[in-house]
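Asks: Next comes the structure file model.cif, holding mmCIF, C-alpha atoms.
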```cif
data_target
loop_
_atom_site.label_atom_id
_atom_site.label_comp_id
_atom_site.auth_asym_id
_atom_site.auth_seq_id
_atom_site.Cartn_x
_atom_site.Cartn_y
_atom_site.Cartn_z
CA MET A 160 29.24 -2.05 6.86
CA GLU A 161 27.25 -2.94 10.00
CA ASP A 162 23.65 -4.00 9.40
CA TYR A 163 21.19 -1.29 10.42
CA ARG A 164 18.98 -3.87 12.16
CA ARG A 165 21.75 -4.80 14.59
CA ILE A 166 22.20 -1.17 15.49
CA ALA A 167 18.43 -0.89 15.99
CA ASP A 168 18.56 -4.01 18.21
CA ARG A 169 21.10 -2.32 20.49
CA ILE A 170 18.98 0.85 20.75
CA ALA A 171 15.95 -1.34 21.49
CA ALA A 172 17.91 -3.08 24.25
CA ASP A 173 18.78 0.31 25.76
CA ILE A 174 15.10 1.23 25.77
CA ALA A 175 14.08 -2.10 27.33
CA ALA A 176 16.74 -1.75 30.04
CA GLY A 177 15.70 1.80 30.88
CA ARG A 178 18.96 3.35 29.72
CA LEU A 179 16.81 5.31 27.26
CA ARG A 180 13.65 6.47 29.03
CA PRO A 181 10.19 7.26 27.65
CA GLY A 182 10.10 10.78 26.27
CA GLN A 183 13.90 11.01 25.89
CA GLN A 184 15.04 12.57 22.63
CA LEU A 185 17.42 10.71 20.33
CA PRO A 186 20.14 12.74 18.61
CA PRO A 187 19.50 14.06 15.11
CA GLN A 188 20.22 11.44 12.48
CA ARG A 189 23.34 13.23 11.20
CA VAL A 190 24.73 13.39 14.74
CA PHE A 191 23.82 9.74 15.36
CA ALA A 192 25.58 8.77 12.11
CA ARG A 193 28.72 10.71 13.06
CA ARG A 194 28.90 9.22 16.55
CA ARG A 195 28.39 5.67 15.26
CA ARG A 196 30.65 6.21 12.26
CA ILE A 197 27.98 5.02 9.88
CA ALA A 198 26.52 6.46 6.70
CA ALA A 199 23.66 8.96 6.98
CA SER A 200 21.49 6.59 4.95
CA THR A 201 22.16 3.82 7.49
CA ALA A 202 21.18 6.11 10.36
CA GLU A 203 17.95 6.90 8.53
CA ARG A 204 17.19 3.19 8.22
CA VAL A 205 17.95 2.63 11.93
CA TYR A 206 15.48 5.33 12.95
CA GLY A 207 12.94 3.98 10.49
CA GLU A 208 13.32 0.48 11.94
CA LEU A 209 12.85 1.76 15.49
CA ALA A 210 9.70 3.60 14.42
CA ARG A 211 8.42 0.47 12.65
CA ARG A 212 8.86 -1.49 15.89
CA GLY A 213 6.87 1.15 17.76
CA LEU A 214 9.80 2.14 19.96
CA VAL A 215 10.21 5.76 18.88
CA VAL A 216 8.09 8.48 17.36
CA GLY A 217 9.23 11.35 15.15
CA GLU A 218 7.80 14.84 15.42
CA VAL A 219 8.29 17.20 12.49
CA GLY A 220 10.55 20.08 13.48
CA ARG A 221 11.30 18.62 16.92
CA GLY A 222 13.09 15.29 16.50
CA THR A 223 12.73 11.63 17.45
CA PHE A 224 11.65 10.52 20.92
CA VAL A 225 11.38 7.24 22.82
CA ARG A 226 7.74 6.21 23.04
CA ALA A 227 5.92 6.07 26.35
CA ALA A 228 4.94 2.41 26.00
CA PRO A 229 6.72 0.31 23.37
CA ALA A 230 4.38 -1.86 21.31
CA PRO A 231 4.51 -5.58 22.14
CA PRO A 232 6.66 -7.74 19.82
CA GLY A 233 4.95 -8.57 16.56
CA GLY A 234 2.23 -5.96 16.97
CA ARG A 235 -1.20 -6.46 18.50
CA ALA A 236 -2.65 -8.40 15.56
CA LEU A 237 -6.42 -8.32 15.92
CA THR A 238 -6.41 -7.97 19.70
CA GLU A 239 -6.06 -4.92 21.90
CA GLU A 240 -3.76 -4.93 24.92
CA ALA A 241 -4.78 -3.50 28.25
CA GLY A 242 -2.42 -1.09 29.97
CA ALA A 243 -0.70 -1.87 33.26
CA ALA A 244 -1.45 1.37 35.10
CA PRO A 245 -3.89 1.15 38.07
CA VAL A 246 -6.37 3.51 36.35
CA ASN A 247 -6.44 2.58 32.69
CA LEU A 248 -7.88 5.34 30.51
CA GLU A 249 -6.43 3.65 27.42
CA LEU A 250 -9.28 1.16 27.49
CA ASN A 251 -12.17 2.17 25.29
CA TYR A 252 -15.09 -0.11 26.18
CA PRO A 253 -18.08 1.56 27.85
CA VAL A 254 -19.58 -0.43 30.69
CA ALA A 255 -23.20 0.07 31.77
CA PRO A 256 -24.04 -0.40 35.45
CA GLY A 257 -25.46 -3.88 36.05
CA GLN A 258 -24.90 -5.04 32.48
CA GLU A 259 -23.93 -8.57 33.59
CA ASP A 260 -27.38 -9.02 35.13
CA LEU A 261 -28.97 -7.92 31.86
CA LEU A 262 -26.87 -10.28 29.74
CA ALA A 263 -27.04 -13.47 31.78
CA PRO A 264 -30.69 -14.57 31.22
CA ALA A 265 -30.31 -14.90 27.44
CA LEU A 266 -27.26 -17.14 27.86
CA ALA A 267 -28.88 -19.69 30.15
CA PRO A 268 -30.76 -21.61 27.39
CA LEU A 269 -27.52 -21.91 25.40
CA LEU A 270 -25.79 -23.71 28.28
CA ARG A 271 -28.00 -26.83 28.13
CA PRO A 272 -25.85 -29.75 26.85
CA GLY A 273 -27.71 -30.26 23.57
CA ALA A 274 -27.89 -26.57 22.73
CA LEU A 275 -24.30 -25.95 23.84
CA ALA A 276 -22.87 -28.61 21.50
CA GLU A 277 -24.54 -26.89 18.55
CA ALA A 278 -23.64 -23.38 19.75
CA LEU A 279 -19.93 -24.20 20.00
CA ARG A 280 -19.60 -24.93 16.29
CA PRO A 281 -18.19 -22.22 14.00
CA ALA A 282 -20.76 -20.23 12.04
CA ALA A 283 -20.80 -19.68 8.30
CA ALA A 284 -19.95 -16.17 7.11
CA ASP A 285 -23.61 -15.53 6.30
CA GLY A 286 -24.78 -16.83 9.68
CA SER A 287 -28.46 -17.68 9.68
CA ALA A 288 -31.58 -15.99 8.32
CA GLU A 289 -32.61 -15.20 11.90
CA ALA A 290 -29.23 -13.63 12.71
CA ARG A 291 -29.18 -11.58 9.49
CA ALA A 292 -32.67 -10.21 10.17
CA ALA A 293 -31.84 -9.38 13.79
CA VAL A 294 -28.64 -7.54 12.87
CA ALA A 295 -30.29 -5.66 9.99
CA GLY A 296 -32.81 -4.32 12.49
CA LEU A 297 -30.10 -3.53 15.03
CA LEU A 298 -28.06 -1.47 12.54
CA ALA A 299 -31.01 0.40 11.02
CA VAL A 300 -31.30 4.17 11.49
CA PRO A 301 -33.96 6.54 10.18
CA GLY A 302 -33.48 6.69 6.41
CA TRP A 303 -31.42 3.49 6.12
CA ARG A 304 -32.07 -0.17 6.82
CA PRO A 305 -29.63 -2.75 5.45
CA ASP A 306 -30.87 -5.67 3.38
CA PRO A 307 -30.55 -8.78 5.59
CA GLY A 308 -29.28 -10.67 2.56
CA GLN A 309 -26.20 -8.45 2.49
CA VAL A 310 -25.18 -9.06 6.13
CA LEU A 311 -22.11 -11.19 6.91
CA PHE A 312 -20.51 -12.12 10.24
CA THR A 313 -16.99 -12.30 11.69
CA GLY A 314 -15.55 -12.94 15.13
CA SER A 315 -15.14 -9.21 15.84
CA ALA A 316 -15.43 -5.82 14.17
CA ARG A 317 -11.65 -5.62 13.68
CA GLN A 318 -11.80 -8.96 11.84
CA ALA A 319 -14.59 -7.52 9.71
CA ILE A 320 -12.28 -4.62 8.80
CA ALA A 321 -9.51 -7.06 7.87
CA ALA A 322 -11.83 -9.19 5.74
CA ALA A 323 -13.21 -6.17 3.89
CA LEU A 324 -9.71 -4.84 3.16
CA VAL A 325 -8.43 -8.23 2.00
CA SER A 326 -11.37 -8.54 -0.39
CA LEU A 327 -10.89 -5.04 -1.81
CA VAL A 328 -7.17 -4.26 -1.78
CA PRO A 329 -4.43 -6.34 -3.43
CA ALA A 330 -1.17 -6.96 -1.59
CA GLY A 331 0.86 -3.77 -1.68
CA GLY A 332 -2.24 -1.73 -2.54
CA ARG A 333 -2.97 1.72 -1.13
CA VAL A 334 -5.76 2.43 1.36
CA GLY A 335 -6.74 6.02 2.11
CA VAL A 336 -7.46 6.68 5.82
CA GLU A 337 -7.93 9.71 8.04
CA GLU A 338 -4.54 11.09 9.10
CA LEU A 339 -5.33 9.91 12.63
CA THR A 340 -6.85 6.44 12.62
CA TYR A 341 -7.74 3.44 14.75
CA PRO A 342 -4.39 1.90 15.84
CA LEU A 343 -5.51 -1.65 15.05
CA VAL A 344 -6.01 -0.63 11.42
CA LYS A 345 -2.35 0.31 11.28
CA ASP A 346 -1.45 -3.15 12.59
CA ILE A 347 -3.86 -4.86 10.19
CA ALA A 348 -2.30 -3.01 7.24
CA VAL A 349 1.21 -4.08 8.25
CA ARG A 350 0.19 -7.71 8.65
CA LEU A 351 -1.75 -7.82 5.41
CA GLY A 352 0.89 -5.96 3.40
CA ARG A 353 -1.34 -2.98 2.55
CA THR A 354 -0.14 0.64 2.57
CA LEU A 355 -2.06 3.29 4.48
CA VAL A 356 -2.20 6.75 2.93
CA PRO A 357 -2.99 9.56 5.41
CA LEU A 358 -5.74 11.95 4.31
CA ALA A 359 -6.14 15.46 5.73
CA THR A 360 -9.24 16.16 7.82
CA ASP A 361 -11.03 19.21 9.15
CA ALA A 362 -13.86 19.91 11.57
CA PHE A 363 -16.32 18.07 9.28
CA GLY A 364 -14.29 14.90 8.66
CA VAL A 365 -12.01 13.75 5.87
CA ARG A 366 -11.56 16.39 3.16
CA PRO A 367 -12.76 15.50 -0.35
CA ASP A 368 -9.84 17.39 -1.92
CA ALA A 369 -7.41 15.26 0.11
CA VAL A 370 -9.02 12.07 -1.18
CA ALA A 371 -8.92 13.30 -4.78
CA ALA A 372 -5.29 14.44 -4.52
CA ALA A 373 -4.12 11.14 -2.99
CA HIS A 374 -5.92 9.18 -5.72
CA ARG A 375 -4.33 11.32 -8.44
CA SER A 376 -0.88 10.79 -6.93
CA ALA A 377 -1.22 7.00 -7.17
CA PRO A 378 -4.57 5.20 -7.38
CA LEU A 379 -6.14 4.20 -4.11
CA ALA A 380 -7.72 0.74 -3.95
CA ALA A 381 -10.14 1.70 -1.16
CA LEU A 382 -10.84 4.05 1.74
CA TYR A 383 -11.22 3.16 5.42
CA LEU A 384 -13.19 5.89 7.20
CA GLN A 385 -14.84 6.52 10.57
CA PRO A 386 -17.52 9.09 9.74
CA THR A 387 -19.30 8.90 13.12
CA LEU A 388 -17.48 9.63 16.40
CA HIS A 389 -14.07 9.28 14.79
CA ASN A 390 -11.52 7.59 17.01
CA PRO A 391 -9.66 9.44 18.57
CA THR A 392 -11.09 12.93 17.93
CA SER A 393 -14.84 12.09 18.20
CA VAL A 394 -15.53 14.26 15.13
CA SER A 395 -18.59 13.24 13.11
CA MET A 396 -18.98 14.09 9.44
CA SER A 397 -21.67 16.60 8.66
CA GLY A 398 -24.51 15.51 6.39
CA GLU A 399 -23.18 17.74 3.64
CA ARG A 400 -19.69 16.24 3.91
CA ARG A 401 -21.12 12.72 3.70
CA GLU A 402 -22.90 13.66 0.49
CA GLN A 403 -19.69 15.20 -0.91
CA ILE A 404 -17.66 12.07 -0.11
CA ALA A 405 -20.35 9.84 -1.59
CA GLU A 406 -20.37 11.86 -4.81
CA LEU A 407 -16.58 11.73 -5.01
CA ILE A 408 -16.28 7.98 -4.50
CA ARG A 409 -18.91 7.48 -7.18
CA GLN A 410 -16.88 9.58 -9.59
CA LEU A 411 -13.69 7.68 -8.73
CA ARG A 412 -15.40 4.27 -8.42
CA LEU A 413 -13.59 3.99 -5.10
CA PRO A 414 -14.91 1.47 -2.54
CA VAL A 415 -15.12 2.39 1.13
CA VAL A 416 -14.94 0.46 4.40
CA GLU A 417 -17.14 2.48 6.75
CA ASP A 418 -16.43 1.79 10.44
CA ARG A 419 -19.61 2.47 12.45
CA ILE A 420 -18.60 0.79 15.70
CA TRP A 421 -19.46 3.94 17.73
CA SER A 422 -22.57 4.96 15.79
CA PHE A 423 -24.90 3.50 18.43
CA LEU A 424 -24.00 6.50 20.63
CA ARG A 425 -24.74 9.04 17.91
CA PRO A 426 -27.08 7.62 15.25
CA ALA A 427 -26.49 9.18 11.84
CA LEU A 428 -27.17 8.30 8.23
CA PRO A 429 -24.22 6.20 7.01
CA LEU A 430 -22.23 6.76 3.85
CA ALA A 431 -23.78 3.50 2.70
CA ALA A 432 -27.13 5.26 2.43
CA HIS A 433 -25.63 7.63 -0.16
CA ALA A 434 -23.52 5.11 -2.09
CA PRO A 435 -24.75 1.58 -1.31
CA GLU A 436 -23.01 0.11 -4.34
CA LEU A 437 -19.55 1.06 -2.98
CA VAL A 438 -19.68 1.17 0.83
CA HIS A 439 -18.94 -1.80 3.10
CA VAL A 440 -20.32 -1.13 6.59
CA VAL A 441 -18.47 -2.56 9.61
CA ASP A 442 -20.04 -2.78 13.06
CA GLY A 443 -20.17 -5.16 16.01
CA LEU A 444 -21.19 -5.85 19.60
CA SER A 445 -17.99 -5.09 21.53
CA LYS A 446 -18.97 -1.49 22.33
CA ARG A 447 -22.74 -1.95 22.45
CA VAL A 448 -22.57 -5.03 24.68
CA ALA A 449 -19.19 -6.22 26.03
CA PRO A 450 -15.73 -6.98 24.63
CA GLY A 451 -15.46 -10.55 25.92
CA LEU A 452 -18.29 -12.13 23.95
CA THR A 453 -18.74 -10.40 20.65
CA ALA A 454 -19.40 -10.65 16.93
CA GLY A 455 -18.52 -8.47 13.97
CA PHE A 456 -20.95 -7.44 11.25
CA LEU A 457 -20.41 -6.54 7.62
CA VAL A 458 -23.03 -5.05 5.34
CA VAL A 459 -21.64 -5.51 1.84
CA PRO A 460 -22.71 -3.95 -1.47
CA PRO A 461 -24.76 -6.05 -3.90
CA GLY A 462 -22.60 -8.64 -5.62
CA ARG A 463 -19.80 -8.45 -3.04
CA GLY A 464 -20.99 -11.17 -0.63
CA ALA A 465 -19.05 -14.09 -2.09
CA ALA A 466 -15.72 -12.23 -2.26
CA VAL A 467 -15.96 -10.97 1.32
CA ALA A 468 -17.16 -14.37 2.61
CA ASP A 469 -14.12 -15.98 0.95
CA ALA A 470 -11.87 -13.49 2.75
CA VAL A 471 -13.56 -14.30 6.07
CA ARG A 472 -12.97 -18.03 5.58
CA SER A 473 -9.41 -17.73 4.33
CA GLY A 474 -8.45 -15.40 7.18
CA GLY A 475 -9.94 -17.65 9.85
CA TRP A 476 -12.20 -14.80 10.93
CA SER A 477 -15.48 -16.68 11.20
CA ALA A 478 -17.85 -15.81 14.02
CA GLY A 479 -18.58 -18.32 16.75
CA ARG A 480 -22.10 -19.73 16.67
CA PHE A 481 -22.41 -19.20 20.44
CA ALA A 482 -21.76 -15.47 20.06
CA LEU A 483 -24.27 -15.18 17.20
CA GLU A 484 -26.94 -17.10 19.10
CA ALA A 485 -26.39 -14.88 22.12
CA ALA A 486 -26.47 -11.76 19.95
CA VAL A 487 -29.78 -12.72 18.38
CA ARG A 488 -31.32 -13.35 21.79
CA TRP A 489 -30.00 -10.05 23.19
CA VAL A 490 -31.34 -8.13 20.21
CA GLU A 491 -34.74 -9.80 20.20
CA ASP A 492 -35.40 -9.57 23.95
CA GLY A 493 -34.45 -5.87 24.05
CA THR A 494 -31.24 -6.33 26.06
CA VAL A 495 -29.08 -4.52 23.49
CA ALA A 496 -31.54 -1.62 23.31
CA ARG A 497 -31.48 -1.26 27.11
CA LEU A 498 -27.68 -1.38 27.20
CA VAL A 499 -27.43 1.22 24.43
CA ALA A 500 -29.79 3.57 26.26
CA ALA A 501 -27.80 3.18 29.48
CA LYS A 502 -24.46 3.73 27.75
CA ARG A 503 -25.72 6.82 25.93
CA ALA A 504 -26.86 8.39 29.20
CA ASP A 505 -23.64 7.37 30.96
CA ALA A 506 -21.46 8.88 28.21
CA VAL A 507 -23.25 12.22 28.55
CA ARG A 508 -22.68 12.25 32.33
CA ARG A 509 -19.02 11.35 31.97
CA GLN A 510 -18.37 13.97 29.31
CA ALA A 511 -19.87 16.57 31.63
CA LEU A 512 -17.31 15.45 34.23
CA VAL A 513 -14.51 15.76 31.65
CA ARG A 514 -15.59 19.30 30.78
CA ALA A 515 -15.65 20.28 34.44
CA GLU A 516 -12.31 18.72 35.41
CA LEU A 517 -10.40 19.75 32.25
CA ASP A 518 -11.90 23.21 32.05
CA GLY A 519 -9.41 25.67 30.60
CA PHE A 520 -7.57 23.06 28.53
CA ALA A 521 -7.96 22.41 24.78
CA VAL A 522 -10.15 19.30 24.86
CA ARG A 523 -12.17 18.09 21.88
CA ALA A 524 -15.00 15.69 22.68
CA ASP A 525 -18.48 15.05 21.41
CA PRO A 526 -20.81 15.10 24.45
CA ARG A 527 -21.99 11.60 23.47
CA ALA A 528 -18.54 10.01 22.99
CA CYS A 529 -16.66 7.64 25.31
CA TYR A 530 -13.31 9.37 24.82
CA ALA A 531 -11.81 12.84 24.69
CA TRP A 532 -8.95 14.24 22.58
CA TRP A 533 -6.74 16.48 24.72
CA GLU A 534 -4.41 18.86 22.86
CA LEU A 535 -1.67 19.30 25.44
CA PRO A 536 -0.30 22.62 26.64
CA ALA A 537 3.27 23.52 25.68
CA PRO A 538 5.89 22.29 26.25
CA TRP A 539 4.39 18.83 26.70
CA ARG A 540 4.86 16.17 24.01
CA ALA A 541 2.33 13.36 23.90
CA ASP A 542 4.69 10.49 24.68
CA ALA A 543 6.41 12.36 27.50
CA PHE A 544 3.03 13.28 29.00
CA ALA A 545 1.78 9.68 28.74
CA ALA A 546 4.95 8.45 30.44
CA ALA A 547 4.62 11.01 33.24
CA ALA A 548 0.94 10.13 33.73
CA ARG A 549 1.73 6.42 33.88
CA GLU A 550 4.28 7.09 36.63
CA ARG A 551 1.42 8.73 38.56
CA GLY A 552 -0.81 5.67 38.02
CA VAL A 553 -2.93 6.76 35.05
CA ALA A 554 -2.65 5.35 31.52
CA VAL A 555 -3.67 7.43 28.49
CA THR A 556 -2.96 6.87 24.81
CA PRO A 557 -0.45 9.24 23.15
CA GLY A 558 -1.32 10.76 19.78
CA SER A 559 1.50 8.84 18.11
CA ALA A 560 -0.57 5.65 18.42
CA PHE A 561 -3.10 7.10 15.96
CA ALA A 562 -0.78 8.96 13.56
CA VAL A 563 -0.50 7.24 10.17
CA ASP A 564 2.60 9.30 9.36
CA PRO A 565 4.96 8.86 12.34
CA ARG A 566 6.70 12.10 11.41
CA ARG A 567 3.50 14.02 12.12
CA SER A 568 2.65 12.94 15.62
CA PRO A 569 0.16 15.29 17.29
CA ARG A 570 0.83 16.90 20.66
CA ALA A 571 -2.30 15.28 22.10
CA VAL A 572 -3.55 12.24 24.02
CA ARG A 573 -6.78 10.26 23.95
CA VAL A 574 -8.50 9.86 27.29
CA GLY A 575 -10.94 6.96 27.50
CA VAL A 576 -13.76 7.77 29.91
CA GLY A 577 -16.12 4.80 29.78
CA SER A 578 -14.27 1.80 31.24
CA VAL A 579 -13.61 2.86 34.85
CA SER A 580 -15.91 3.95 37.65
CA VAL A 581 -16.95 7.60 37.83
CA THR A 582 -14.99 7.96 41.08
CA GLU A 583 -11.85 6.55 39.45
CA LEU A 584 -12.37 8.76 36.41
CA ARG A 585 -12.67 11.92 38.49
CA GLY A 586 -9.51 11.09 40.43
CA ALA A 587 -7.60 10.17 37.27
CA LEU A 588 -8.58 13.41 35.53
CA ARG A 589 -7.30 15.39 38.50
CA VAL A 590 -4.00 13.52 38.33
CA LEU A 591 -3.74 14.34 34.63
CA VAL A 592 -4.40 18.01 35.32
CA ALA A 593 -1.63 18.00 37.93
CA VAL A 594 0.74 16.39 35.42
CA ALA A 595 -0.21 18.89 32.72
CA ARG A 596 0.53 21.79 35.05
CA GLY A 597 3.85 20.30 36.07
CA ALA A 598 7.22 21.38 34.78
CA GLY A 599 8.06 18.35 32.61
CA GLY A 600 7.32 17.86 28.98
CA GLY A 601 10.22 19.57 27.19
#
```
Would you mind writing the file's structure down as structure tokens?
Replies:
Amino acid sequence: MEDYRRIADRIAADIAAGRLRPGQQLPPQRVFARRRRIAASTAERVYGELARRGLVVGEVGRGTFVRAAPAPPGGRALTEEAGAAPVNLELNYPVAPGQEDLLAPALAPLLRPGALAEALRPAAADGSAEARAAVAGLLAVPGWRPDPGQVLFTGSARQAIAAALVSLVPAGGRVGVEELTYPLVKDIAVRLGRTLVPLATDAFGVRPDAVAAAHRSAPLAALYLQPTLHNPTSVSMSGERREQIAELIRQLRLPVVEDRIWSFLRPALPLAAHAPELVHVVDGLSKRVAPGLTAGFLVVPPGRGAAVADAVRSGGWSAGRFALEAAVRWVEDGTVARLVAAKRADAVRRQALVRAELDGFAVRADPRACYAWWELPAPWRADAFAAAARERGVAVTPGSAFAVDPRRSPRAVRVGVGSVSVTELRGALRVLVAVARGAGGG
């Protein structure tokens, strides 16, 4: 019997050569099996392998389709690829006008030869007392201020997520996540050998009954949640829902990795304020400041510092001392506060533009977010729409990138609004509207 992986290789070659185009539907598995004269179980494994490689996406009740943009070989690891389209609305880093001029002065003292030699050394996971105090102040919100002694550092927020999960979840263990989640978390789980379990959500965030049911089915080792400005939907948990989740995780003794990377745009009391003994807070500078020179932060529960620090060291996820020194200076001289204020105001202006240009469509977006979740009109599928938009020079992210269960891919795309000029954004939105009103999509 022919190996299913060789069959998948041939389908992959057809996709790479353009013989199978983005958005094109593959035959049902039983038809595929009959045509190839293989067992139905082999056809199922072929389709599963193609989905694992990021080449196809399955939609319940509709079939299996070639993805708009195949994932690069080996996954994205802990980096995020930029799209190739002229106007890239896949990118999700807000840029404040003139931010380079704000950032440069604090870096100048670090470039002196003596200071630079010290700054280029790797930093310990617990950084320095000065860095811990600065970050504790940066992350504080009314009603919650982390203990500086519980702050750890990594090279980026995504590395902080990886370190927290490694320290909490054994190989093969189950991690509960929102049914749509940050794509890099999916990659991290694959690379670390952890299994993501999709949890149903509603307008207030992840549903407590979904968490309880998943844990009853087979124990979860941890949760990874985005309670504030969830990526991609921009939903934020209500205060009541946060209290319900905190009470539930206490009952289940279930640790949580709380991703607060977007909380600077919409300050809210974290889950950690309700259950500090169980919640590991992840944050960083990539969104607040800039993606090129960044650091990740972890606020860990009491008694968890050594285990998480060990994970940081073993994973090679230590922060650079240069980035930490720069971060401390930017926090202390008010640069981060000025950037945050500018980015908050800019996000509000851009969301107003989104509402005006996409008026009449089903778009979900918090007015303070840097992205919008567009539920596409029929008959468009997300991957077909993304492919059609890319042909018109605009890149958006199809819903399949966020779906934990590839069989339940939403008919929606995420539109990043913060990384291009306002003029480019307006033009790109008008292109997307023209695509949406076109005749494709079936």
Asks: Find the residues near Pro264 in chain A: any atom within 12 Å, counting all atoms listed in the file, skip ones fewer than 3 places away on the same chain, and give them as an mmCIF file with C-alpha atoms, in the coordinates of the input.
Replies:
```cif
data_model
loop_
_atom_site.group_PDB
_atom_site.id
_atom_site.type_symbol
_atom_site.label_atom_id
_atom_site.label_comp_id
_atom_site.auth_asym_id
_atom_site.auth_seq_id
_atom_site.Cartn_x
_atom_site.Cartn_y
_atom_site.Cartn_z
ATOM 1 C CA GLN A 258 -24.900 -5.040 32.480
ATOM 2 C CA GLU A 259 -23.930 -8.570 33.590
ATOM 3 C CA ASP A 260 -27.380 -9.020 35.130
ATOM 4 C CA LEU A 261 -28.970 -7.920 31.860
ATOM 5 C CA ALA A 267 -28.880 -19.690 30.150
ATOM 6 C CA PRO A 268 -30.760 -21.610 27.390
ATOM 7 C CA LEU A 269 -27.520 -21.910 25.400
ATOM 8 C CA LEU A 270 -25.790 -23.710 28.280
ATOM 9 C CA ALA A 485 -26.390 -14.880 22.120
ATOM 10 C CA ARG A 488 -31.320 -13.350 21.790
ATOM 11 C CA TRP A 489 -30.000 -10.050 23.190
ATOM 12 C CA ASP A 492 -35.400 -9.570 23.950
ATOM 13 C CA GLY A 493 -34.450 -5.870 24.050
ATOM 14 C CA THR A 494 -31.240 -6.330 26.060
#
```
Asks: I need the residue set behind the PyMOL selection byres ((chain A and resi 460) around 9) for this file; please write it as a PyMOL selection string.
Replies: chain A and resi 309+431+435-440+458-459+461-464
Asks: Tell me which residues the PyMOL selection byres ((chain A and resi 358-373) around 7) grabs here, as a list in words.
Replies: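 Output from the PyMOL selection byres ((chain A and resi 358-373) around 7), applied to this file: Gly335, Val336, Glu337, Glu338, Val356, Pro357, His374, Arg375, Ser376, Ala377, Pro386, Val394, Ser395, Met396, Ser397, Arg400, Gln403 and Ile404 of chain A.
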Asks: From the list A:Val225, A:Ala465, A:Leu452, A:Ala299, which residue is nearest Phe481 in chain A when using only C-alpha atoms?
Replies: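 Closest candidate: A:Leu452.
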Asks: Just the residues within 6 Å of range 340-346 of chain A, please, counting only C-alpha atoms, with nothing from its chain fewer than 3 positions along; format it as a PyMOL selection string.
Replies: chain A and resi 337+349+560-561
Asks: Carefully work through the PyMOL selection byres ((chain A and resi 507-513) around 9) for this structure and note down the residues it includes, as a list in words.
Replies: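 When the PyMOL selection byres ((chain A and resi 507-513) around 9) is applied, the selected residues are Lys502, Arg503, Ala504, Asp505, Ala506, Arg514, Ala515, Glu516, Leu517, Asp518, Val522, Ala524, Asp525, Pro526, Arg527, Ala528, Cys529, Tyr530, Ala531, Val576, Gly577, Val581, Leu584, Arg585 and Leu588 of chain A.
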Asks: What does the structure give for the distance between CA of Glu417 in chain A and CA of Val563 in chain A, in Å to one decimal?
Replies: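 Taking CA of Glu417 in chain A as the start and CA of Val563 in chain A as the end point, the length is 17.6 Å.
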